[in-house]
Amino acid sequence: MIIPFFKYQGTGNDFVLIDQRVTQYLSREDHKRIAGICDRRFGVGADGLMLLQNKAGYDFEMIYFNADGRESTMCGNGGRCITAFARYLGIICDHARFLAIDGEHLARINAADKKVELQMSDVRQVEISPDFYVMNTGSPHYVTFVPELEAFDVYGEGKKIRESARFSAEGINVNFVQKTAEGIEVATYERGVEDETLSCGTGVTAAAISYWLKEGKTEGQEIAVQTKGGELSVRLESDGYIGFRNIWLTGPAEQVFEGKIDI
C-alpha cells in the first residue's frame with residue numbers, strides 16, 4: 001500500500017502527518033507499520049506520527065502515535081504541527097478547534113511569523129517535592145532543575161528515572177531544566193521515543209509550570225523556553241493553588257517535505 005505523507009517539525013520535534021479524511025491508510029492497531037514509518041533508518045524517520053481525520057463538531061481529529069508505533073497521550077508540538085497542516089490542506093484559516101486524546105484544543109496561527117499558538121489542557125494538580133515536580137499536561141511529566149544543562153547526561157539520567165520502580169509500568173517523560181537570564185532551558189527524555197528529543201511541547205509546558213511554582217511568577221507573564229530545537233513560550237494562569245488554566249504554548253511549526261511510502 002502506497003501512503004502519501006507530509007513531514008513537519010516544531011522546534012526540532014518531527015512528525016509524519018497523514019490526511020485520512022477520505023482514505024483510511026492506517027488504523028489504531030497498525031503498530032508495526034507506524035513504527036516502521038517512524039524508523040530513521042528504514043522508514044521516513046520521526047519522533048511520532050499523526051493521523052488527521054474528520055470529526056463531527058470539530059475542524060478535525062488528531063490521533064497521535066509515538067515512534068514505537070503505539071497510540072499515545074497528547075503531544076504539544078504535534079498539536080501545533082497538525083494545526084499548520086490543517087491550514088495547508090485548506091481545512092482552517094487562522095483558527096482551529098480540534099479533538100485530541102485529552103479533549104478539545106483551540107489553536108491560532110500567526111501568518112506573519114508562522115508561529116502556532118496551542119491551548120493546552122488545564123493542569124488540575126502538581127506533585128511538589130524538594131527535588132522534582134510531577135504533573136500531567138496532556139502527557140505525564142517529571143521535572144527537575146539542574147545547574148548546568150549543557151554537560152548533563154539527559155539520556156542516561158532520563159532513562160534511569162523513566163525506568164524506576166515508580167514509573168516503569170506506565171512510563172513518564174523526564175525534563176531537566178536550567179534557569180537562564182531570559183527564562184528557562186529544557187531538555188527532555190521522551191517515553192515511547194525512549195531517547196532525548198530536541199523539543200517536547202507538553203514537557204516545555206510542564207517545565208514552565210514548575211518554573212512558575214519555583215520562582216513565584218506573576219499572572220499573565222510569558223515564560224521564554226529554549227530547547228535544543230528552538231524557542232517556545234508559555235502563558236498561563238494559576239487557579240490560586242497548584243492548578244493552572246488558560247495555558248498557551250507558542251512556537252514555530254513548519255512543513256519540511258512531502259512524499260509517498262510503500263508499506
# chains A, B, ... in the order shown; residues from 1 in each chain; ligands from 1

call {"tool": "select_by_dssp", "arguments": {"residues": "region 33-255 of chain A", "states": "strand (DSSP E)", "output": "number ranges by chain"}}
result
A: 48-53, 60-66, 95-100, 103-110, 115-119, 126-128, 133-136, 140-145, 173-179, 183-190, 195-197, 223-227, 230-238, 244-252, 254-255

call {"tool": "residues_around", "arguments": {"residues": "Leu89 (chain A)", "least_positions_apart": "3", "cutoff": "12 Å", "atoms": "only C-alpha atoms", "output": "ChimeraX atom specification"}}
result
/A:6,17-21,52,59-60,82-86,92-93,255

call {"tool": "residues_around", "arguments": {"residues": "region 189-199 of chain A", "least_positions_apart": "2", "cutoff": "7 Å", "atoms": "only C-alpha atoms", "output": "PyMOL selection string"}}
result
chain A and resi 11-13+47+66-68+154-155+158+171-175+201+227-229

call {"tool": "closest_residue", "arguments": {"among": "A:Leu51, A:Ala165, A:Met62, A:Val126", "to": "Ile3 (chain A)", "atoms": "only C-alpha atoms"}}
result
A:Leu51

call {"tool": "closest_residue", "arguments": {"among": "A:Gly57, A:Gly138, A:Arg28, A:Gly251", "to": "Val116 (chain A)", "atoms": "only C-alpha atoms"}}
result
A:Gly251

call {"tool": "atom_distance", "arguments": {"atom1": "CA of Met74 (chain A)", "atom2": "CA of Gln53 (chain A)"}}
result
15.8 Å

call {"tool": "residues_around", "arguments": {"residues": "Ser233 (chain A)", "least_positions_apart": "6", "cutoff": "8 Å", "atoms": "only C-alpha atoms", "output": "compact mmCIF listing (two decimals) with N, CA and C atoms, in the first residue's frame"}}
result
# COMPACT_ATOMS: atom_id res chain seq x y z
N GLU A 222 4.68 35.90 30.23
CA GLU A 222 5.09 34.90 29.24
C GLU A 222 6.45 34.34 29.63
N ILE A 223 6.56 33.03 29.66
CA ILE A 223 7.81 32.38 30.04
C ILE A 223 8.52 31.92 28.77
N ALA A 224 9.73 32.43 28.56
CA ALA A 224 10.53 32.06 27.39
C ALA A 224 11.24 30.74 27.67
N VAL A 225 11.15 29.81 26.71
CA VAL A 225 11.73 28.48 26.89
C VAL A 225 12.64 28.16 25.70
N LEU A 249 0.77 27.36 24.51
CA LEU A 249 2.12 27.03 24.05
C LEU A 249 2.30 27.63 22.65
N THR A 250 3.36 28.42 22.47
CA THR A 250 3.56 29.14 21.21
C THR A 250 4.95 28.86 20.64
N GLY A 251 5.00 28.65 19.32
CA GLY A 251 6.28 28.45 18.65
C GLY A 251 6.07 28.14 17.18

call {"tool": "select_by_dssp", "arguments": {"residues": "region 49-262 of chain A", "states": "helix (DSSP H, G or I)", "output": "MDAnalysis selection string"}}
result
chainID A and resid 76:88 154:162 201:215

call {"tool": "write_last_selection", "arguments": {"atoms": "N, CA and C atoms", "output": "compact mmCIF listing (two decimals), in the first residue's frame"}}
result
# COMPACT_ATOMS: atom_id res chain seq x y z
N GLY A 76 2.21 18.31 22.45
CA GLY A 76 2.03 19.74 22.24
C GLY A 76 2.59 20.24 20.92
N ASN A 77 3.84 19.87 20.61
CA ASN A 77 4.41 20.27 19.33
C ASN A 77 3.67 19.61 18.18
N GLY A 78 3.20 18.39 18.40
CA GLY A 78 2.39 17.72 17.39
C GLY A 78 1.09 18.45 17.13
N GLY A 79 0.47 18.94 18.20
CA GLY A 79 -0.77 19.71 18.06
C GLY A 79 -0.55 20.99 17.27
N ARG A 80 0.60 21.62 17.47
CA ARG A 80 0.90 22.82 16.69
C ARG A 80 1.17 22.47 15.23
N CYS A 81 1.87 21.36 15.01
CA CYS A 81 2.18 20.97 13.62
C CYS A 81 0.93 20.53 12.86
N ILE A 82 0.03 19.80 13.51
CA ILE A 82 -1.17 19.36 12.79
C ILE A 82 -2.09 20.53 12.50
N THR A 83 -2.02 21.59 13.33
CA THR A 83 -2.78 22.81 13.04
C THR A 83 -2.25 23.47 11.77
N ALA A 84 -0.92 23.55 11.65
CA ALA A 84 -0.31 24.10 10.44
C ALA A 84 -0.66 23.24 9.23
N PHE A 85 -0.70 21.93 9.41
CA PHE A 85 -1.05 21.00 8.34
C PHE A 85 -2.50 21.22 7.89
N ALA A 86 -3.40 21.41 8.87
CA ALA A 86 -4.81 21.65 8.55
C ALA A 86 -4.97 22.93 7.74
N ARG A 87 -4.18 23.94 8.04
CA ARG A 87 -4.24 25.18 7.26
C ARG A 87 -3.73 24.94 5.84
N TYR A 88 -2.66 24.16 5.71
CA TYR A 88 -2.11 23.82 4.40
C TYR A 88 -3.15 23.08 3.55
N VAL A 154 21.37 13.79 29.69
CA VAL A 154 19.91 13.74 29.61
C VAL A 154 19.42 12.32 29.33
N TYR A 155 20.06 11.63 28.41
CA TYR A 155 19.64 10.28 28.06
C TYR A 155 19.80 9.34 29.25
N GLY A 156 20.97 9.30 29.84
CA GLY A 156 21.25 8.37 30.93
C GLY A 156 20.40 8.62 32.16
N GLU A 157 20.33 9.87 32.59
CA GLU A 157 19.56 10.20 33.79
C GLU A 157 18.06 10.12 33.52
N GLY A 158 17.65 10.51 32.32
CA GLY A 158 16.24 10.42 31.98
C GLY A 158 15.75 8.99 31.93
N LYS A 159 16.54 8.13 31.33
CA LYS A 159 16.20 6.71 31.22
C LYS A 159 16.10 6.08 32.61
N LYS A 160 17.01 6.48 33.50
CA LYS A 160 17.02 5.95 34.86
C LYS A 160 15.72 6.28 35.60
N ILE A 161 15.25 7.51 35.47
CA ILE A 161 14.01 7.92 36.13
C ILE A 161 12.81 7.27 35.46
N ARG A 162 12.79 7.27 34.13
CA ARG A 162 11.67 6.68 33.38
C ARG A 162 11.51 5.19 33.71
N GLY A 201 6.59 19.60 23.50
CA GLY A 201 5.65 20.67 23.84
C GLY A 201 5.00 20.50 25.20
N THR A 202 4.53 19.28 25.52
CA THR A 202 3.94 19.06 26.84
C THR A 202 5.01 19.14 27.92
N GLY A 203 6.25 18.77 27.57
CA GLY A 203 7.36 18.89 28.52
C GLY A 203 7.73 20.33 28.79
N VAL A 204 7.75 21.14 27.74
CA VAL A 204 8.00 22.58 27.89
C VAL A 204 6.92 23.21 28.77
N THR A 205 5.69 22.79 28.57
CA THR A 205 4.58 23.30 29.39
C THR A 205 4.78 22.92 30.86
N ALA A 206 5.14 21.66 31.11
CA ALA A 206 5.39 21.21 32.48
C ALA A 206 6.56 21.95 33.11
N ALA A 207 7.59 22.18 32.32
CA ALA A 207 8.77 22.91 32.82
C ALA A 207 8.41 24.35 33.17
N ALA A 208 7.58 24.98 32.33
CA ALA A 208 7.17 26.37 32.59
C ALA A 208 6.33 26.46 33.86
N ILE A 209 5.44 25.50 34.07
CA ILE A 209 4.63 25.47 35.29
C ILE A 209 5.52 25.28 36.51
N SER A 210 6.50 24.38 36.41
CA SER A 210 7.43 24.14 37.51
C SER A 210 8.23 25.40 37.82
N TYR A 211 8.65 26.09 36.80
CA TYR A 211 9.39 27.35 36.96
C TYR A 211 8.51 28.40 37.63
N TRP A 212 7.25 28.48 37.20
CA TRP A 212 6.29 29.41 37.80
C TRP A 212 6.15 29.13 39.29
N LEU A 213 6.03 27.87 39.66
CA LEU A 213 5.89 27.49 41.07
C LEU A 213 7.18 27.75 41.85
N LYS A 214 8.30 27.47 41.24
CA LYS A 214 9.59 27.64 41.92
C LYS A 214 9.93 29.10 42.14
N GLU A 215 9.61 29.94 41.15
CA GLU A 215 10.03 31.34 41.20
C GLU A 215 8.92 32.29 41.64

call {"tool": "closest_residue", "arguments": {"among": "A:Phe65, A:Ile128, A:Lys32, A:Gln226", "to": "Glu182 (chain A)", "atoms": "only C-alpha atoms"}}
result
A:Gln226

call {"tool": "residues_around", "arguments": {"residues": "Phe176 (chain A)", "least_positions_apart": "5", "cutoff": "6 Å", "atoms": "only C-alpha atoms", "output": "VMD selection string"}}
result
chain A and resid 144 to 145 186 to 187

call {"tool": "closest_residue", "arguments": {"among": "A:Asp94, A:Thr137, A:Ile184, A:Pro4", "to": "Lys115 (chain A)", "atoms": "only C-alpha atoms"}}
result
A:Asp94

call {"tool": "residues_around", "arguments": {"residues": "His95 (chain A)", "least_positions_apart": "2", "cutoff": "8 Å", "atoms": "only C-alpha atoms", "output": "list in words"}}
result
Ile92, Cys93, Arg97, Leu106, Ala107, Arg108 and Ile109 of chain A

call {"tool": "atom_distance", "arguments": {"atom1": "CA of Arg124 (chain A)", "atom2": "CA of Asp14 (chain A)"}}
result
28.6 Å

call {"tool": "atom_distance", "arguments": {"atom1": "CA of Ile91 (chain A)", "atom2": "CA of Ala253 (chain A)"}}
result
16.6 Å

call {"tool": "residues_around", "arguments": {"residues": "Glu29 (chain A)", "least_positions_apart": "3", "cutoff": "9 Å", "atoms": "only C-alpha atoms", "output": "PyMOL selection string"}}
result
chain A and resi 26+32+69-71
